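S.K.: Mind looking over this structure? Questions follow.
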Amino acid sequence: MSEVIERPKAQAATTKTSAPQAASMMEVIASAASNPNCDIEKMQALLAMQDKLIEREARAEFSAAMATACGEIPQVERNGTVSLGGKGGYKFTKWEDMDRVIRPILAIHHLRLSFNTRSTEGSNAKVIIGTISHANGQSQSAEIELPLDAGQGRNPLQGFGSTISYGKRYCAEMLLNIVRCDEDVDGKYQPQKQANFISAKQKEELVSLLQKTGADTAIFLAWVPCRSLDEMDAELFPRARKGLLSKIPQGDGK
């Protein structure tokens, strides 16, 4: 899991040439260009300085838009439910619900969220990359590697789609600091279900599998999903174990 800030070429940010600093530099360059005795090296230095000013101002505009947009995004409810085949289930935030909340806010601030994927050599895992782009050409990216979601009753194509949906949510959360919350119950008291966490033996098995596969623990916990191994619901253990076993090459044992 990582976040990368991309710096586009200066000409991609020409929307800010009307800013005071860039405009002043343009006047200096125009004046120098009109002088037949102008030194070429000095002109090149002035142009390079102008590019840096344009990029700096575009970056500042992008940062301001991101800060404002993040401040306007509310918590997103967990309206989706995953059934564990008669053994209960758990709630999650659906990507379509998250997109419905964030898309209008991003548009107001001239921001756009897009996604791409790449394969991981030697495994069926997929890396999902999310990128926030501003109209001025600036962008910021975050990525997460996830195993194929081989959930109950899913064929490979459905598992791929589910993995992409998971990745979109987690990339959006990383980029925009989105917080998920339980569904609104209009202030009514809801009795809390007694927690039933995995046993010490089950935790030990998962730790062993994490070490054997070399999987990133933070990414694994986000995929399950749970906050820590100690707080993993016992109902999620089969999914967690199966996901780790799928990353072990056949013939390497349990």
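Letters A, B, ... mark the chains of the structure tokens in the order given; residue numbers begin at 1 per chain; ligand numbers begin at 1, in order shown.
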Please provide as a count of residues only all residues within 10 Å of range 101-107 of chain A, with the sequence filter that same-chain residues fewer than 6 positions apart are discarded (counting only C-alpha atoms).
M.R.: 19
S.K.: Between A:His109, A:Phe197, A:Lys247, A:Glu77, which one has atoms that come closest to Arg227 in chain A, using only C-alpha atoms?
M.R.: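 Under the stated criterion, the closest residue is A:Phe197.
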S.K.: Of the residues A:Glu41, A:Glu57, A:Asp216, A:Glu231, which is the one nearest to Pro147 in chain A, using only C-alpha atoms?
M.R.: A:Asp216
S.K.: Calculate how many Å separate CA of Ala200 in chain A from CA of Gly214 in chain A, rounding to one decimal.
M.R.: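 Taking CA of Ala200 in chain A as the start and CA of Gly214 in chain A as the end point, the length is 20.7 Å.
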S.K.: Can you tell me which residues surround Thr120 in chain A at a distance of at most 12 Å, considering only C-alpha atoms, apart from same-chain residues fewer than 5 positions away, and format the answer as an MDAnalysis selection string?
M.R.: chainID A and resid 125:128 144:148 247
S.K.: If I take CA of Ile219 in chain A and CA of Arg180 in chain A, how far is one from the other in Å, to one decimal?
M.R.: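 Distance between the two atoms: 17.0 Å.
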S.K.: Go ahead and compute the interatomic distance for CA of Phe220 in chain A and CA of Leu206 in chain A, in Å to one decimal.
M.R.: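 Separation between CA of Phe220 in chain A and CA of Leu206 in chain A: 10.5 Å.
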S.K.: Residues within 10 Å of Phe115 in chain A, please, as a ChimeraX atom specification. Count only C-alpha atoms; anything in the same chain fewer than 6 positions from it doesn't count.
M.R.: /A:128-132,141-143,164,167-168,171-172
S.K.: Do a neighbour search on Phe160 in chain A at 10 Å with only C-alpha atoms, toss out local chain neighbours closer than 2 positions, and write the hits as a list in words.
M.R.: Asn124, Ala125, Lys126, Pro147, Leu148, Asp149, Ala150, Arg154, Asn155, Pro156, Leu157, Gln158, Ser162, Thr163, Ile164, Ser165 and Tyr166 of chain A
S.K.: Mind listing the strand (DSSP E) residues of range 42-174 of chain A, per DSSP on the backbone, as a PyMOL selection string?
M.R.: chain A and resi 76-77+80-83+89-92+111-119+126-134+139-146
S.K.: Nearest to Ser228 in chain A among A:Val207, A:Ser246, A:Glu173, A:Thr213, with distances taken over only C-alpha atoms: which residue is it?
M.R.: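 Nearest candidate to Ser228 in chain A out of A:Val207, A:Ser246, A:Glu173, A:Thr213: A:Val207.
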S.K.: Quick one: residues within 12 Å of range 202-205 of chain A, only C-alpha atoms counted, chain neighbours fewer than 5 positions away excluded, as a list in words?
M.R.: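 Contacts, in chain order: Phe197, Leu210, Gln211, Lys212, Ser228, Leu229, Asp230, Glu231, Met232, Asp233, Ala234, Glu235, Leu236, Phe237, Pro238, Ala240, Arg241, Lys242, Leu244, Leu245 and Lys254 of chain A.
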S.K.: With C-alpha atoms retained, write the just-selected residues as a tab-separated table (two decimals), in the first residue's frame.
M.R.:
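Produced file out.tsv, reproduced below:
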chain	number	residue	atom	x	y	z
A	197	PHE	CA	-13.18	-13.37	18.22
A	210	LEU	CA	1.17	-14.42	6.85
A	211	GLN	CA	4.84	-15.20	7.42
A	212	LYS	CA	4.84	-17.99	4.86
A	228	SER	CA	-6.39	-6.56	14.03
A	229	LEU	CA	-5.97	-10.33	14.33
A	230	ASP	CA	-6.98	-10.12	17.98
A	231	GLU	CA	-10.25	-8.42	16.96
A	232	MET	CA	-11.08	-10.69	14.03
A	233	ASP	CA	-14.62	-12.05	14.20
A	234	ALA	CA	-14.60	-15.84	14.31
A	235	GLU	CA	-17.03	-15.87	11.37
A	236	LEU	CA	-14.36	-14.23	9.19
A	237	PHE	CA	-11.67	-16.82	9.94
A	238	PRO	CA	-12.54	-19.20	7.04
A	240	ALA	CA	-9.07	-15.04	6.02
A	241	ARG	CA	-7.49	-18.50	6.03
A	242	LYS	CA	-8.65	-19.30	2.49
A	244	LEU	CA	-3.85	-16.66	2.61
A	245	LEU	CA	-3.78	-20.28	1.46
A	254	LYS	CA	-0.56	-26.06	4.16
